[in-house]
$ cat final.cif   # mmCIF, C-alpha atoms
data_work
loop_
_atom_site.label_atom_id
_atom_site.label_comp_id
_atom_site.auth_asym_id
_atom_site.auth_seq_id
_atom_site.Cartn_x
_atom_site.Cartn_y
_atom_site.Cartn_z
CA MET A 9 -170.97 6.90 22.16
CA GLY A 10 -172.29 8.74 19.07
CA LEU A 11 -170.16 10.53 16.49
CA ALA A 12 -170.60 13.91 18.17
CA GLY A 13 -169.59 12.49 21.53
CA HIS A 14 -166.57 10.77 20.00
CA LEU A 15 -165.43 13.97 18.30
CA LEU A 16 -165.82 15.88 21.56
CA TYR A 17 -163.72 13.24 23.33
CA VAL A 18 -160.97 13.52 20.69
CA LEU A 19 -160.96 17.30 20.99
CA LEU A 20 -160.74 17.13 24.78
CA CYS A 21 -157.79 14.76 24.54
CA CYS A 22 -155.91 16.51 21.80
CA GLN A 23 -156.42 20.23 22.24
CA SER A 24 -154.00 22.27 24.33
CA LEU A 25 -154.93 21.57 27.93
CA PRO A 26 -153.11 22.31 31.16
CA ALA A 27 -152.41 19.45 33.54
CA MET A 28 -155.64 18.85 35.45
CA GLN A 29 -157.57 16.38 37.52
CA ARG A 30 -160.52 14.26 36.47
CA GLN A 31 -163.18 12.93 38.79
CA PHE A 32 -165.25 9.78 38.29
CA VAL A 33 -168.27 8.82 40.40
CA ILE A 34 -169.47 5.21 40.75
CA GLN A 35 -173.26 5.55 40.80
CA HIS A 36 -174.45 2.08 39.78
CA THR A 37 -174.05 -1.57 40.65
CA TRP A 38 -172.41 -3.83 38.06
CA ASP A 39 -175.88 -4.60 36.63
CA SER A 40 -177.01 -0.97 36.27
CA ASN A 41 -179.02 -0.46 39.46
CA PRO A 42 -178.49 2.83 41.36
CA VAL A 43 -176.29 2.54 44.45
CA LYS A 44 -178.06 3.05 47.78
CA HIS A 45 -175.40 5.18 49.47
CA ASP A 46 -173.19 8.19 48.85
CA PRO A 47 -171.24 7.10 45.78
CA VAL A 48 -167.54 6.31 45.63
CA ARG A 49 -165.49 9.09 44.05
CA ILE A 50 -162.13 8.66 42.32
CA ILE A 51 -159.94 11.58 41.25
CA PHE A 52 -156.97 11.13 38.92
CA SER A 53 -154.29 13.83 38.72
CA PRO A 54 -150.57 14.15 37.91
CA GLY A 55 -148.31 12.53 40.50
CA ASN A 56 -144.61 12.30 41.11
CA GLY A 57 -143.51 9.53 38.74
CA GLY A 58 -147.00 8.27 38.09
CA LEU A 59 -150.74 8.86 38.13
CA LYS A 60 -152.16 10.02 41.45
CA MET A 61 -155.36 8.21 42.43
CA LEU A 62 -157.45 9.73 45.21
CA VAL A 63 -160.40 7.73 46.57
CA SER A 64 -163.21 9.08 48.75
CA ALA A 65 -165.77 6.48 49.79
CA PRO A 66 -168.19 5.32 52.47
CA PHE A 67 -166.60 2.94 54.99
CA PHE A 68 -168.74 -0.18 55.38
CA ASP A 69 -166.30 -2.11 57.60
CA ASP A 70 -167.46 -5.31 55.91
CA PRO A 71 -165.69 -7.67 55.43
CA GLU A 72 -163.16 -7.33 58.25
CA ALA A 73 -159.71 -5.99 57.46
CA PRO A 74 -157.24 -8.17 55.50
CA ALA A 75 -154.56 -9.78 57.65
CA GLY A 76 -151.79 -7.88 55.90
CA THR A 77 -149.52 -4.94 56.61
CA PRO A 78 -150.93 -1.55 55.56
CA GLY A 79 -148.98 -0.06 52.68
CA LEU A 80 -147.97 -3.44 51.24
CA PRO A 81 -149.50 -5.63 48.50
CA PHE A 82 -152.08 -8.19 49.60
CA PRO A 83 -153.05 -11.11 47.30
CA GLY A 84 -156.76 -11.67 46.80
CA LEU A 85 -157.64 -8.17 47.93
CA TRP A 86 -160.75 -8.31 45.74
CA ASP A 87 -162.35 -10.50 48.40
CA TYR A 88 -162.42 -7.55 50.84
CA GLU A 89 -163.79 -3.98 50.85
CA VAL A 90 -162.00 -2.46 47.90
CA VAL A 91 -161.99 0.17 45.14
CA GLU A 92 -160.46 -0.74 41.80
CA SER A 93 -159.47 1.05 38.59
CA PHE A 94 -158.52 -0.68 35.34
CA PHE A 95 -156.55 1.00 32.52
CA LEU A 96 -156.81 -0.72 29.13
CA ASP A 97 -155.36 -0.58 25.64
CA CYS A 98 -158.36 -2.04 23.82
CA ARG A 99 -156.30 -2.79 20.69
CA THR A 100 -154.06 -5.29 22.48
CA GLU A 101 -156.17 -6.13 25.57
CA ASN A 102 -153.19 -5.26 27.73
CA TYR A 103 -154.35 -3.62 30.95
CA LEU A 104 -153.42 -2.56 34.44
CA GLU A 105 -155.58 -3.32 37.49
CA VAL A 106 -155.15 -1.18 40.62
CA GLU A 107 -156.90 -2.20 43.86
CA VAL A 108 -156.90 -0.21 47.10
CA CYS A 109 -158.63 -0.84 50.41
CA PRO A 110 -159.57 1.35 53.39
CA HIS A 111 -157.23 -0.58 55.69
CA GLY A 112 -154.16 0.42 53.66
CA GLN A 113 -153.39 -2.70 51.62
CA HIS A 114 -153.22 -2.59 47.83
CA LEU A 115 -152.83 -4.89 44.86
CA ILE A 116 -151.45 -4.29 41.37
CA LEU A 117 -152.01 -6.72 38.50
CA LEU A 118 -150.65 -6.55 34.94
CA LEU A 119 -152.85 -8.46 32.49
CA SER A 120 -152.61 -9.41 28.82
CA GLY A 121 -155.96 -10.75 27.66
CA ALA A 122 -159.15 -10.70 29.72
CA GLY A 123 -158.40 -11.94 33.23
CA GLN A 124 -154.92 -13.19 32.26
CA ALA A 125 -152.54 -11.76 34.85
CA PHE A 126 -148.82 -12.23 34.20
CA GLN A 127 -147.51 -10.14 37.09
CA GLN A 128 -148.92 -8.94 40.39
CA GLN A 129 -148.18 -7.70 43.93
CA LEU A 130 -145.96 -4.90 42.63
CA PRO A 131 -144.98 -2.13 45.08
CA MET A 132 -146.87 1.17 45.20
CA VAL A 133 -147.07 4.18 47.47
CA PHE A 134 -150.54 4.12 49.07
CA ASN A 135 -151.97 5.57 52.26
CA ALA A 136 -155.53 5.25 53.59
CA THR A 137 -157.37 6.98 56.42
CA ILE A 138 -160.66 5.92 58.03
CA THR A 139 -162.73 8.66 59.68
CA ALA A 140 -165.97 7.42 61.23
CA ASP A 141 -168.12 6.15 58.36
CA ARG A 142 -165.88 7.32 55.50
CA TRP A 143 -162.42 6.58 54.20
CA THR A 144 -159.98 8.25 51.86
CA GLY A 145 -156.98 6.82 50.10
CA GLU A 146 -154.18 8.25 48.00
CA ALA A 147 -151.97 6.22 45.69
CA VAL A 148 -149.34 7.07 43.11
CA VAL A 149 -149.41 4.42 40.37
CA PRO A 150 -145.97 4.29 38.67
CA TRP A 151 -145.97 4.92 34.94
CA GLU A 152 -144.03 1.73 34.29
CA TYR A 153 -147.12 -0.27 35.32
CA PHE A 154 -149.31 1.23 32.57
CA PRO A 155 -149.43 -0.59 29.25
CA PRO A 156 -148.55 1.49 26.19
CA GLY A 157 -151.51 3.16 24.49
CA VAL A 158 -154.04 3.29 27.33
CA ASN A 159 -157.35 4.39 25.77
CA ARG A 160 -160.10 2.93 27.96
CA MET A 161 -160.87 2.66 31.66
CA ASN A 162 -163.37 1.30 34.15
CA SER A 163 -163.55 1.51 37.93
CA TYR A 164 -165.31 -0.59 40.54
CA ALA A 165 -166.14 -0.77 44.24
CA ILE A 166 -166.92 -3.85 46.33
CA HIS A 167 -168.15 -4.26 49.90
CA GLY A 168 -170.29 -6.53 52.06
CA SER A 169 -170.28 -10.24 52.87
CA GLY A 170 -172.32 -13.25 51.84
CA GLU A 171 -175.66 -12.37 50.28
CA GLU A 172 -174.95 -8.71 51.05
CA ARG A 173 -171.85 -8.66 48.86
CA THR A 174 -172.25 -5.65 46.56
CA TYR A 175 -170.41 -5.01 43.29
CA GLU A 176 -170.48 -1.52 41.78
CA ALA A 177 -169.20 -0.25 38.44
CA LEU A 178 -168.47 3.11 36.90
CA TYR A 179 -169.52 1.70 33.52
CA PRO A 180 -171.97 -1.13 34.30
CA ILE A 181 -173.46 -3.74 31.98
CA PRO A 182 -176.66 -2.30 30.47
CA LYS A 183 -179.91 -4.03 31.44
CA ASP A 184 -180.68 -5.02 27.86
CA GLN A 185 -177.33 -6.83 27.53
CA GLN A 186 -177.65 -9.01 30.61
CA VAL A 187 -178.61 -12.69 30.62
CA GLU A 188 -180.38 -14.73 33.28
CA GLY A 189 -178.05 -15.96 36.01
CA GLN A 190 -175.24 -13.62 35.02
CA LYS A 191 -172.66 -12.84 37.70
CA PRO A 192 -170.45 -9.76 38.09
CA ASP A 193 -167.28 -9.93 36.02
CA PHE A 194 -164.96 -6.94 36.12
CA HIS A 195 -162.96 -8.23 33.16
CA ARG A 196 -165.68 -7.57 30.57
CA LEU A 197 -163.40 -5.26 28.64
CA GLU A 198 -166.03 -4.39 26.04
CA TYR A 199 -167.81 -2.21 28.62
CA PHE A 200 -164.79 -0.05 29.40
CA GLN A 201 -165.13 3.50 28.07
CA GLN A 202 -162.75 5.97 26.49
CA PHE A 203 -160.05 7.47 28.66
CA CYS A 204 -157.14 9.73 27.77
CA LEU A 205 -154.13 10.23 30.02
CA GLU A 206 -153.21 13.37 28.05
CA SER A 207 -156.40 15.01 29.31
CA ILE A 208 -154.85 14.81 32.77
CA MET A 209 -151.16 15.23 32.06
CA GLY A 210 -151.45 17.93 29.38
CA GLU A 211 -150.86 18.17 25.64
CA GLY A 212 -147.49 16.89 24.51
CA TRP A 213 -147.07 14.55 27.47
CA ILE A 214 -145.43 11.30 26.43
CA GLN A 215 -146.02 8.17 28.47
CA PRO A 216 -142.70 6.74 29.70
CA GLU A 217 -141.73 3.39 28.25
CA SER A 218 -141.89 0.32 30.49
CA HIS A 219 -139.80 -2.84 30.38
CA LEU A 220 -142.64 -4.68 32.12
CA TRP A 221 -144.70 -4.77 28.92
CA LYS A 222 -141.94 -5.73 26.49
CA GLY A 223 -142.83 -8.84 24.52
CA LYS A 224 -146.57 -8.34 24.97
CA PRO A 225 -148.82 -7.73 21.93
#

$ encode --input "final.cif" --output "structure tokens"
Amino acid sequence: MGLAGHLLYVLLCCQSLPAMQRQFVIQHTWDSNPVKHDPVRIIFSPGNGGLKMLVSAPFFDDPEAPAGTPGLPFPGLWDYEVVESFFLDCRTENYLEVEVCPHGQHLILLLSGAGQAFQQQLPMVFNATITADRWTGEAVVPWEYFPPGVNRMNSYAIHGSGEERTYEALYPIPKDQQVEGQKPDFHRLEYFQQFCLESIMGEGWIQPESHLWKGKP
């Protein structure tokens, strides 16, 4: 992001803004190729006690549904059809990973350092609905799960099995920064881009403190 873009971002985050929603559209695979279907859309807005996350996505029905109860955490959900959002404080590398799936299961991970989870399978209110070839999901991510000082974000979508497994990213790895044989890695924190919770919650909003992050950098 150039200086002008950075200044615009700061102004958007800091000027007087009403509470609002922000939409993000996943239009590329992890390695910067255009997706070949209607893209996954994620909308963030104020929720009751947390950040509301609304997902609208194609339903691929591949892989088959996890063998878990809808509405409850499911370990290893990333191996199924899933949409994920990560919320990072790039100064400490503390971040929150939120995973939701069309069949109603979800997974929360708290991480300190790239890929270093110290807590997971936390409870969350999440409901999903499948209608023909599309699905929608709505979650409220409790504020206590967010690390202090969130300033970057990335989101992902995964579907398919075997050689057809497809990994998509809101902010993919640029072509000129890829190396031969590279595999998708959603914990490449350097590719996350700027994100401001105040732009959703409104000027003067203060993120509630969380005991879950005490003792972390």

$ resolve_selection --input "final.cif" --expression "the PyMOL selection byres ((chain A and resi 52-60) around 8)" --output "ChimeraX atom specification"
/A:27-31,50-51,61-62,146-151,208-209

$ resolve_selection --input "final.cif" --expression "the PyMOL selection byres ((chain A and resi 78-85) around 9)" --output "list in words"
Pro74, Ala75, Gly76, Thr77, Trp86, Asp87, Tyr88, Glu89, Val90, Glu107, Val108, Cys109, His111, Gly112, Gln113, His114, Leu115, Ile116, Gln128, Gln129, Leu130, Pro131, Met132, Val133, Phe134, Asn135 and Ala136 of chain A

$ atom_distance --input "final.cif" --atom1 "atom CA of Ser120 of chain A" --atom2 "atom CA of Tyr199 of chain A"
16.8 Å

$ closest_residue --input "final.cif" --among "A:Arg142, A:Gln35, A:Glu198, A:Leu220" --to "Gln185 of chain A" --atoms "only C-alpha atoms"
A:Glu198

$ closest_residue --input "final.cif" --among "A:Val63, A:Leu205, A:Ile214, A:Ala73" --to "Val106 of chain A" --atoms "all atoms listed in the file"
A:Val63

$ atom_distance --input "final.cif" --atom1 "atom CA of Leu197 of chain A" --atom2 "atom CA of Glu92 of chain A"
14.2 Å

$ resolve_selection --input "final.cif" --expression "the PyMOL selection byres ((chain A and resi 203) around 6)" --output "ChimeraX atom specification"
/A:159-161,202,204

$ atom_distance --input "final.cif" --atom1 "atom CA of Gly210 of chain A" --atom2 "atom CA of Tyr164 of chain A"
25.7 Å

$ closest_residue --input "final.cif" --among "A:Gln127, A:Thr137, A:Thr100, A:Thr174" --to "Asp70 of chain A" --atoms "only C-alpha atoms"
A:Thr174

$ closest_residue --input "final.cif" --among "A:Ser169, A:Ser207, A:Thr139, A:Gln124" --to "Pro71 of chain A" --atoms "all atoms listed in the file"
A:Ser169

$ closest_residue --input "final.cif" --among "A:Phe126, A:Phe32, A:Asp39, A:Trp221" --to "Asp184 of chain A" --atoms "only C-alpha atoms"
A:Asp39

$ residues_near_point --input "final.cif" --point "(-171.0, 8.8, 49.6)" --cutoff "6 Å" --atoms "all atoms listed in the file" --output "PDB file with C-alpha atoms, in the frame of the given file"
ATOM      1  CA  HIS A  45    -175.400   5.180  49.470  1.00  0.00           C
ATOM      2  CA  ASP A  46    -173.190   8.190  48.850  1.00  0.00           C
ATOM      3  CA  PRO A  47    -171.240   7.100  45.780  1.00  0.00           C
ATOM      4  CA  VAL A  48    -167.540   6.310  45.630  1.00  0.00           C
ATOM      5  CA  ALA A  65    -165.770   6.480  49.790  1.00  0.00           C
ATOM      6  CA  PRO A  66    -168.190   5.320  52.470  1.00  0.00           C
TER       7      PRO A  66
END

$ closest_residue --input "final.cif" --among "A:Glu176, A:Glu171, A:Glu101, A:Asp141" --to "Lys224 of chain A" --atoms "only C-alpha atoms"
A:Glu101

$ residues_around --input "final.cif" --residues "Ala125 of chain A" --least-positions-apart "5" --cutoff "10 Å" --atoms "only C-alpha atoms" --output "list in words"
Asn102, Tyr103, Leu104, Glu105, Ile116, Leu117, Leu118, Leu119 and Ser120 of chain A

$ decode --input "final.cif" --residues "segment 29-58 of chain A" --atoms "N, CA and C atoms" --output "PDB file, in the first residue's frame"
ATOM      1  N   GLN A  29     -21.264  -1.834   8.349  1.00  0.00           N
ATOM      2  CA  GLN A  29     -20.790  -3.141   7.955  1.00  0.00           C
ATOM      3  C   GLN A  29     -19.749  -3.001   6.866  1.00  0.00           C
ATOM      4  N   ARG A  30     -18.879  -4.009   6.779  1.00  0.00           N
ATOM      5  CA  ARG A  30     -17.863  -4.033   5.735  1.00  0.00           C
ATOM      6  C   ARG A  30     -17.901  -5.390   5.058  1.00  0.00           C
ATOM      7  N   GLN A  31     -17.882  -5.358   3.735  1.00  0.00           N
ATOM      8  CA  GLN A  31     -17.938  -6.582   2.959  1.00  0.00           C
ATOM      9  C   GLN A  31     -16.587  -6.858   2.311  1.00  0.00           C
ATOM     10  N   PHE A  32     -16.212  -8.142   2.311  1.00  0.00           N
ATOM     11  CA  PHE A  32     -14.984  -8.600   1.664  1.00  0.00           C
ATOM     12  C   PHE A  32     -15.334  -9.758   0.729  1.00  0.00           C
ATOM     13  N   VAL A  33     -14.727  -9.755  -0.456  1.00  0.00           N
ATOM     14  CA  VAL A  33     -15.043 -10.740  -1.488  1.00  0.00           C
ATOM     15  C   VAL A  33     -13.767 -11.497  -1.852  1.00  0.00           C
ATOM     16  N   ILE A  34     -13.809 -12.828  -1.747  1.00  0.00           N
ATOM     17  CA  ILE A  34     -12.643 -13.665  -2.037  1.00  0.00           C
ATOM     18  C   ILE A  34     -12.652 -14.009  -3.523  1.00  0.00           C
ATOM     19  N   GLN A  35     -11.812 -13.344  -4.289  1.00  0.00           N
ATOM     20  CA  GLN A  35     -11.850 -13.457  -5.747  1.00  0.00           C
ATOM     21  C   GLN A  35     -10.681 -14.227  -6.346  1.00  0.00           C
ATOM     22  N   HIS A  36      -9.747 -14.690  -5.507  1.00  0.00           N
ATOM     23  CA  HIS A  36      -8.564 -15.371  -6.026  1.00  0.00           C
ATOM     24  C   HIS A  36      -8.241 -16.618  -5.214  1.00  0.00           C
ATOM     25  N   THR A  37      -7.546 -17.543  -5.854  1.00  0.00           N
ATOM     26  CA  THR A  37      -6.969 -18.666  -5.139  1.00  0.00           C
ATOM     27  C   THR A  37      -5.767 -18.163  -4.343  1.00  0.00           C
ATOM     28  N   TRP A  38      -5.241 -19.013  -3.478  1.00  0.00           N
ATOM     29  CA  TRP A  38      -4.119 -18.611  -2.613  1.00  0.00           C
ATOM     30  C   TRP A  38      -2.914 -18.113  -3.406  1.00  0.00           C
ATOM     31  N   ASP A  39      -2.785 -18.611  -4.675  1.00  0.00           N
ATOM     32  CA  ASP A  39      -1.638 -18.245  -5.504  1.00  0.00           C
ATOM     33  C   ASP A  39      -2.002 -17.258  -6.613  1.00  0.00           C
ATOM     34  N   SER A  40      -3.055 -16.476  -6.373  1.00  0.00           N
ATOM     35  CA  SER A  40      -3.390 -15.309  -7.201  1.00  0.00           C
ATOM     36  C   SER A  40      -4.032 -15.634  -8.545  1.00  0.00           C
ATOM     37  N   ASN A  41      -4.645 -16.793  -8.687  1.00  0.00           N
ATOM     38  CA  ASN A  41      -5.447 -17.069  -9.877  1.00  0.00           C
ATOM     39  C   ASN A  41      -6.903 -16.713  -9.598  1.00  0.00           C
ATOM     40  N   PRO A  42      -7.642 -16.211 -10.597  1.00  0.00           N
ATOM     41  CA  PRO A  42      -9.056 -15.883 -10.374  1.00  0.00           C
ATOM     42  C   PRO A  42      -9.865 -17.139 -10.041  1.00  0.00           C
ATOM     43  N   VAL A  43     -10.817 -17.011  -9.133  1.00  0.00           N
ATOM     44  CA  VAL A  43     -11.691 -18.150  -8.840  1.00  0.00           C
ATOM     45  C   VAL A  43     -12.619 -18.382 -10.032  1.00  0.00           C
ATOM     46  N   LYS A  44     -13.107 -19.613 -10.163  1.00  0.00           N
ATOM     47  CA  LYS A  44     -13.916 -19.996 -11.315  1.00  0.00           C
ATOM     48  C   LYS A  44     -15.386 -20.168 -10.957  1.00  0.00           C
ATOM     49  N   HIS A  45     -15.843 -19.433  -9.962  1.00  0.00           N
ATOM     50  CA  HIS A  45     -17.229 -19.533  -9.504  1.00  0.00           C
ATOM     51  C   HIS A  45     -17.608 -18.207  -8.867  1.00  0.00           C
ATOM     52  N   ASP A  46     -18.893 -18.049  -8.550  1.00  0.00           N
ATOM     53  CA  ASP A  46     -19.324 -16.865  -7.824  1.00  0.00           C
ATOM     54  C   ASP A  46     -18.529 -16.782  -6.527  1.00  0.00           C
ATOM     55  N   PRO A  47     -17.892 -15.664  -6.253  1.00  0.00           N
ATOM     56  CA  PRO A  47     -16.969 -15.625  -5.115  1.00  0.00           C
ATOM     57  C   PRO A  47     -17.671 -15.650  -3.758  1.00  0.00           C
ATOM     58  N   VAL A  48     -16.936 -16.112  -2.772  1.00  0.00           N
ATOM     59  CA  VAL A  48     -17.387 -16.096  -1.379  1.00  0.00           C
ATOM     60  C   VAL A  48     -17.396 -14.656  -0.885  1.00  0.00           C
ATOM     61  N   ARG A  49     -18.474 -14.298  -0.186  1.00  0.00           N
ATOM     62  CA  ARG A  49     -18.596 -12.962   0.385  1.00  0.00           C
ATOM     63  C   ARG A  49     -18.713 -13.061   1.899  1.00  0.00           C
ATOM     64  N   ILE A  50     -17.994 -12.170   2.585  1.00  0.00           N
ATOM     65  CA  ILE A  50     -18.025 -12.111   4.049  1.00  0.00           C
ATOM     66  C   ILE A  50     -18.356 -10.691   4.453  1.00  0.00           C
ATOM     67  N   ILE A  51     -19.339 -10.538   5.319  1.00  0.00           N
ATOM     68  CA  ILE A  51     -19.727  -9.217   5.823  1.00  0.00           C
ATOM     69  C   ILE A  51     -19.519  -9.193   7.333  1.00  0.00           C
ATOM     70  N   PHE A  52     -18.782  -8.194   7.810  1.00  0.00           N
ATOM     71  CA  PHE A  52     -18.599  -7.977   9.237  1.00  0.00           C
ATOM     72  C   PHE A  52     -19.447  -6.784   9.666  1.00  0.00           C
ATOM     73  N   SER A  53     -20.097  -6.915  10.806  1.00  0.00           N
ATOM     74  CA  SER A  53     -20.927  -5.832  11.337  1.00  0.00           C
ATOM     75  C   SER A  53     -20.988  -5.971  12.854  1.00  0.00           C
ATOM     76  N   PRO A  54     -21.476  -4.936  13.558  1.00  0.00           N
ATOM     77  CA  PRO A  54     -21.580  -5.032  15.016  1.00  0.00           C
ATOM     78  C   PRO A  54     -22.560  -6.128  15.430  1.00  0.00           C
ATOM     79  N   GLY A  55     -22.173  -6.910  16.422  1.00  0.00           N
ATOM     80  CA  GLY A  55     -23.034  -7.958  16.961  1.00  0.00           C
ATOM     81  C   GLY A  55     -23.233  -7.779  18.450  1.00  0.00           C
ATOM     82  N   ASN A  56     -24.068  -8.587  19.015  1.00  0.00           N
ATOM     83  CA  ASN A  56     -24.349  -8.526  20.445  1.00  0.00           C
ATOM     84  C   ASN A  56     -23.226  -9.219  21.212  1.00  0.00           C
ATOM     85  N   GLY A  57     -22.293  -8.435  21.743  1.00  0.00           N
ATOM     86  CA  GLY A  57     -21.182  -8.991  22.499  1.00  0.00           C
ATOM     87  C   GLY A  57     -20.010  -9.443  21.658  1.00  0.00           C
ATOM     88  N   GLY A  58     -20.043  -9.106  20.374  1.00  0.00           N
ATOM     89  CA  GLY A  58     -18.940  -9.521  19.521  1.00  0.00           C
ATOM     90  C   GLY A  58     -19.097  -8.995  18.114  1.00  0.00           C
TER      91      GLY A  58
END
